[in-house]
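Working notes for the structure below.
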Amino acid sequence: MLKINNLHAGVDGNEILKGIDLEVNAGEVHAIMGPNGSGKSTLAAVIAGKEEFEVTEGNVLLNGEDLEDAAPEERAHKGIFLSFQYPVEIPGVSVTNFMKTAINETRKAKGLEDMPANEMLKLIREKSELLEIDRKFLSRSLNEGFSGGEKKRNEIFQMAMLEPQLAILDETDSGLDIDALRIVANGVNKLKSKNNAVIVITHYQRLLEYIVPDFVHVLHEGKIVKSGDKELAHELEDKGYDWIKQEAAV
Amino acid sequence: MDLKDKLVSSFMAFENNVDVEHPVHDIRTEAIKNFEEKGFPSKKQEAWKYTSLKGLQKVEFSIFPKKVNALDYKEVKKFFLHEIDTYKIVFIDGNYSSFLSETTHDGVDICLMSAALTKPMYKQVIDVYFNKIASKDESLTTLNTAFSREGAFIYIPKNKMPKKPVEILHFSTGNEASLMLQPRNLIVAEENAELQVIERHQSLTSNEVLTNAVTEIFAAENAIIDYYKVQNDAKTASLIDNTYINQKSKSMVKVHTFSFGGKLTRNNLNFYQNGEHIDSTMKGVTILGDKQHVDHHTLVHHIEPNCESHQDYKGIYGENSTGVFNGKIIVDKIAQKTNAFQQNNNILISDKASINTKPQLEIFADDVKCSHGCTIGQLDEDALFYLQSRGIPNKEARALLMYAFANNVLESVRIPELKSRINKIIAEKLGVRLGFDL
């Protein structure tokens, strides 16, 4: 589904991704781990099409199609979803209205009519139950005054509503307590299918106990330096990132 | 003949149409002398540094409309808040239109200045209030005073409240020539009275229109006044609005100014807090495009202790529009425990737009909380990306962010149908259809 070939990307002349190769197939869960500054969030942003970053070499293919100059909204329409590490606050726009707009703009891009109101309501009810979100919450302004946990849960709620092909979770576990983590992971797991894929970007092994990866990749200084299965995550937890740095230096 | 001379020499013709025996006429004669001395303000004056009236002074304005024009309700329905029931005071080219209006004397007076300035039953109110807080130094205000004859007159006695909001509409049809209008409004809310007013100027012509308006508002103890100014006029219409508000103890006055239209708009909004425990709020949303200019000059004068004032103006400037914000707060020495907050946040969405913003705080008391924040920036790129990553296209994403930016001003609009109407106007200005109201 996703194929990244020798991806080099940076911002303001600084190269951050220095040759990433990655292949993600439908039905798979990939974890990307690495120390701070390794380029994890940059990778997520580049796949999602953030215009601030410049791709200097290589490419990103989704279902064989080169995403090249596709704007972020086009990538969203093609089925890419990015769960933000720091979700943005949009005062005055309720969670519900935001979701309606997102869904209907995506439908519009596909030549479809707006989703009928009752269908939308049903979908909202279903997905908010899945993530144990109180209905009162949905009429609040998007992310305004939300706790860290609430923001992340809201990200996964959006993911549930948009049903993407490829979901990238950028440090979804940061700032979450055990209960919030459980709810978020549970949501992600319920949304997993053989037709979609998930890339989990995380610092810590903890989340991967709940969202079990098929593949684990370690990013260091803009390159994937080691790949393995879920055991690699355990090894990292035991040995720390220094181990990787040493290995890479050799 | 330049505009100043034309106006001064028209005064005599004007006198033929008013009761020169009425005591108010002394006020007018004094005022025209004042204006003659001062003339139009120039850019050399600090208060007019960024707003030039030179262009307007070159236009051949007709001071008195030659014909009395009528309007079909169908033509102008969309400018009324027709979704709800309201009292209406409507003027066409400066003259009262009884056909389009709905006035009342049922416990409250919602009627005309021309009546208030001539009929004996209003003499007392006029003696007590007329021209008591309007500036006698500011030249455009004195100009309006000199020609004061018609406008809205609202008098709410003690403990009373009109059954519905009041709409004040000034239409101009000027098909023959460019028109200059000078409405004069007087609004009085006595003790415990409450009032909601929505005011709008609308030119229906492609000729230039200049409106130089003065509104005096008096809020007695415990009175509550909600005033909404909808400024979405034609691109050939200019407005100089001088509003003076006098508040007594425990009163609450809120003025919302929505500036989306017009060619040149100057809002002089002045609050005088003559009492304790007074609450004054000034909020505004400005969204401008092609060659439009808006200048907000606000003043709050904290005279006694324990009062509050809140100012929140948001501006979005696109194309080659220009904006000015000058927020003055004066806190007198004895006005201890004053809470004065001022915010002016602006977004430039084009690199040809520009804004000059300046807080001016003169604080003479030492136990106060005063804050000010004037910012100029662009739309947050991270926020834009967040919205786009959900499939919302760039244009709609920008509009959503601009709505969000203006949100806490819109939030305090207490008439839902008006809020909805403002939402629609904003949507039109931003060129998007969002599928929901904020």
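Identifiers for the structure tokens are assigned positionally: chains receive A, B, ... in sequence, residues are indexed from 1 per chain, and ligands are indexed from 1 in the order shown.
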Give the strand (DSSP E or B) residues of stretch 14-249 of chain A, as assigned by DSSP on the backbone, as a count of residues only.
61
Where does DSSP see alpha helix (DSSP H) in stretch 123-217 of chain A, if you list the residues as a PyMOL selection string?
chain A and resi 123-130+148-162+178-191+207-210
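Near B:Ala177, within 12 Å and counting only C-alpha atoms, sit Val59, Glu60, Phe61, Ser62, Ile63, Phe64, Pro65, Lys66, Lys67, Asp93, Ser172, Thr205, Ser206, Asn207, Glu208, Val209 and Leu210 of chain B, not including residues fewer than 5 positions from it in the same chain.
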Hey, can you spit out that residue selection with N, CA and C atoms as a PDB file, in the first residue's frame?
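What ended up in selection-v8.pdb:
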ATOM      1  N   VAL B  59     -15.191  65.387  -3.299  1.00  0.00           N
ATOM      2  CA  VAL B  59     -16.422  64.927  -3.952  1.00  0.00           C
ATOM      3  C   VAL B  59     -17.512  65.990  -3.871  1.00  0.00           C
ATOM      4  N   GLU B  60     -18.287  66.120  -4.949  1.00  0.00           N
ATOM      5  CA  GLU B  60     -19.395  67.077  -4.976  1.00  0.00           C
ATOM      6  C   GLU B  60     -20.610  66.474  -4.272  1.00  0.00           C
ATOM      7  N   PHE B  61     -20.621  66.581  -2.951  1.00  0.00           N
ATOM      8  CA  PHE B  61     -21.747  66.022  -2.217  1.00  0.00           C
ATOM      9  C   PHE B  61     -22.924  66.979  -2.188  1.00  0.00           C
ATOM     10  N   SER B  62     -24.108  66.407  -2.323  1.00  0.00           N
ATOM     11  CA  SER B  62     -25.310  67.191  -2.136  1.00  0.00           C
ATOM     12  C   SER B  62     -25.655  67.083  -0.653  1.00  0.00           C
ATOM     13  N   ILE B  63     -25.820  68.232  -0.004  1.00  0.00           N
ATOM     14  CA  ILE B  63     -26.047  68.205   1.441  1.00  0.00           C
ATOM     15  C   ILE B  63     -27.507  67.908   1.783  1.00  0.00           C
ATOM     16  N   PHE B  64     -28.390  68.371   0.952  1.00  0.00           N
ATOM     17  CA  PHE B  64     -29.807  68.093   1.181  1.00  0.00           C
ATOM     18  C   PHE B  64     -30.361  67.374  -0.039  1.00  0.00           C
ATOM     19  N   PRO B  65     -30.978  66.214   0.169  1.00  0.00           N
ATOM     20  CA  PRO B  65     -31.532  65.498  -0.985  1.00  0.00           C
ATOM     21  C   PRO B  65     -32.647  66.306  -1.628  1.00  0.00           C
ATOM     22  N   LYS B  66     -32.686  66.288  -2.972  1.00  0.00           N
ATOM     23  CA  LYS B  66     -33.666  67.112  -3.660  1.00  0.00           C
ATOM     24  C   LYS B  66     -35.044  66.466  -3.705  1.00  0.00           C
ATOM     25  N   LYS B  67     -35.068  65.179  -3.836  1.00  0.00           N
ATOM     26  CA  LYS B  67     -36.374  64.517  -3.900  1.00  0.00           C
ATOM     27  C   LYS B  67     -36.583  63.692  -2.646  1.00  0.00           C
ATOM     28  N   ASP B  93     -32.483  58.614   2.619  1.00  0.00           N
ATOM     29  CA  ASP B  93     -31.815  59.878   2.282  1.00  0.00           C
ATOM     30  C   ASP B  93     -31.983  60.917   3.389  1.00  0.00           C
ATOM     31  N   SER B 172     -29.685  55.097   1.605  1.00  0.00           N
ATOM     32  CA  SER B 172     -29.524  56.222   0.685  1.00  0.00           C
ATOM     33  C   SER B 172     -29.764  55.733  -0.722  1.00  0.00           C
ATOM     34  N   THR B 205     -27.063  52.880  -4.005  1.00  0.00           N
ATOM     35  CA  THR B 205     -26.676  53.579  -5.208  1.00  0.00           C
ATOM     36  C   THR B 205     -25.203  53.352  -5.484  1.00  0.00           C
ATOM     37  N   SER B 206     -24.796  53.629  -6.710  1.00  0.00           N
ATOM     38  CA  SER B 206     -23.375  53.517  -7.003  1.00  0.00           C
ATOM     39  C   SER B 206     -22.705  54.880  -6.897  1.00  0.00           C
ATOM     40  N   ASN B 207     -23.496  55.894  -6.558  1.00  0.00           N
ATOM     41  CA  ASN B 207     -22.909  57.210  -6.300  1.00  0.00           C
ATOM     42  C   ASN B 207     -22.278  57.193  -4.922  1.00  0.00           C
ATOM     43  N   GLU B 208     -21.347  58.091  -4.709  1.00  0.00           N
ATOM     44  CA  GLU B 208     -20.712  58.128  -3.389  1.00  0.00           C
ATOM     45  C   GLU B 208     -21.671  58.638  -2.324  1.00  0.00           C
ATOM     46  N   VAL B 209     -21.528  58.065  -1.148  1.00  0.00           N
ATOM     47  CA  VAL B 209     -22.325  58.530  -0.014  1.00  0.00           C
ATOM     48  C   VAL B 209     -21.365  58.752   1.149  1.00  0.00           C
ATOM     49  N   LEU B 210     -21.543  59.845   1.849  1.00  0.00           N
ATOM     50  CA  LEU B 210     -20.758  60.080   3.066  1.00  0.00           C
ATOM     51  C   LEU B 210     -21.727  60.286   4.211  1.00  0.00           C
TER      52      LEU B 210
END
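The shell of residues at most 8 Å from B:Ile168, with only C-alpha atoms counted and near chain neighbours (fewer than 6 positions) removed, consists of Lys88, Ile89, Val90, Ala152, Val197, Ile198, Glu199 and Arg200 of chain B.
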Next, write the just-selected residues to a file, as a PDB file, in the first residue's frame, keeping N, CA and C atoms as the atom set.
ATOM      1  N   LYS B  88     -38.682  49.413  14.279  1.00  0.00           N
ATOM      2  CA  LYS B  88     -37.801  49.898  13.229  1.00  0.00           C
ATOM      3  C   LYS B  88     -37.900  51.410  13.106  1.00  0.00           C
ATOM      4  N   ILE B  89     -36.741  52.032  13.021  1.00  0.00           N
ATOM      5  CA  ILE B  89     -36.706  53.463  12.726  1.00  0.00           C
ATOM      6  C   ILE B  89     -35.910  53.571  11.437  1.00  0.00           C
ATOM      7  N   VAL B  90     -36.606  53.903  10.346  1.00  0.00           N
ATOM      8  CA  VAL B  90     -35.974  53.844   9.024  1.00  0.00           C
ATOM      9  C   VAL B  90     -35.930  55.209   8.354  1.00  0.00           C
ATOM     10  N   ALA B 152     -32.537  58.822  15.141  1.00  0.00           N
ATOM     11  CA  ALA B 152     -33.345  57.986  16.034  1.00  0.00           C
ATOM     12  C   ALA B 152     -33.404  58.608  17.423  1.00  0.00           C
ATOM     13  N   VAL B 197     -30.225  47.348  20.428  1.00  0.00           N
ATOM     14  CA  VAL B 197     -30.325  48.138  19.198  1.00  0.00           C
ATOM     15  C   VAL B 197     -29.411  47.547  18.132  1.00  0.00           C
ATOM     16  N   ILE B 198     -29.921  47.499  16.904  1.00  0.00           N
ATOM     17  CA  ILE B 198     -29.089  47.087  15.768  1.00  0.00           C
ATOM     18  C   ILE B 198     -29.126  48.230  14.771  1.00  0.00           C
ATOM     19  N   GLU B 199     -27.957  48.737  14.411  1.00  0.00           N
ATOM     20  CA  GLU B 199     -27.921  49.888  13.521  1.00  0.00           C
ATOM     21  C   GLU B 199     -27.173  49.565  12.240  1.00  0.00           C
ATOM     22  N   ARG B 200     -27.677  50.083  11.151  1.00  0.00           N
ATOM     23  CA  ARG B 200     -27.091  49.774   9.863  1.00  0.00           C
ATOM     24  C   ARG B 200     -27.244  50.932   8.888  1.00  0.00           C
TER      25      ARG B 200
END
Could the residues of chain A within 9 Å of chain B, counting only C-alpha atoms, be given as a PyMOL selection string, please?
chain A and resi 48-52+71-77+80-82+84+87-94+97-106+109+158+162
Could you make a table, as a tab-separated table, of the residues of stretch 89-208 of chain A that have an atom within 10 Å of an atom of stretch 237-246 of chain A, each with its nearest atom pair and distance in Å to one decimal, counting only C-alpha atoms, in chain and number order?
residue	atom	partner	partner_atom	distance
A:His203	CA	A:Tyr241	CA	9.9
A:Tyr204	CA	A:Glu237	CA	7.6
A:Gln205	CA	A:Glu237	CA	6.4
A:Arg206	CA	A:Glu237	CA	9.1
Counting only C-alpha atoms, figure out which residue out of A:Ile178, A:Val95, A:Ala160, A:Lys190 gets nearest to A:Leu138.
A:Val95
Check the smallest atom-to-atom distance from each of A:Glu129, A:Gly145, A:Leu7, A:Gly34 to A:Leu61 using only C-alpha atoms, then report the winner.
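Using only C-alpha atoms, A:Leu61 sits closest to A:Leu7.
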Measure the distance from atom CA of B:Val20 to atom CA of B:Leu169 in Å and round it to one decimal.
27.6 Å
Interatomic distance, atom CA of A:Leu176 to atom CA of A:Gln85 (Å, one decimal):
11.4 Å
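Between B:Thr322 and the residues B:Leu117, B:Ala353, B:Ala335, B:Ile347, the shortest atom-to-atom distance, using only C-alpha atoms, involves B:Ala353.
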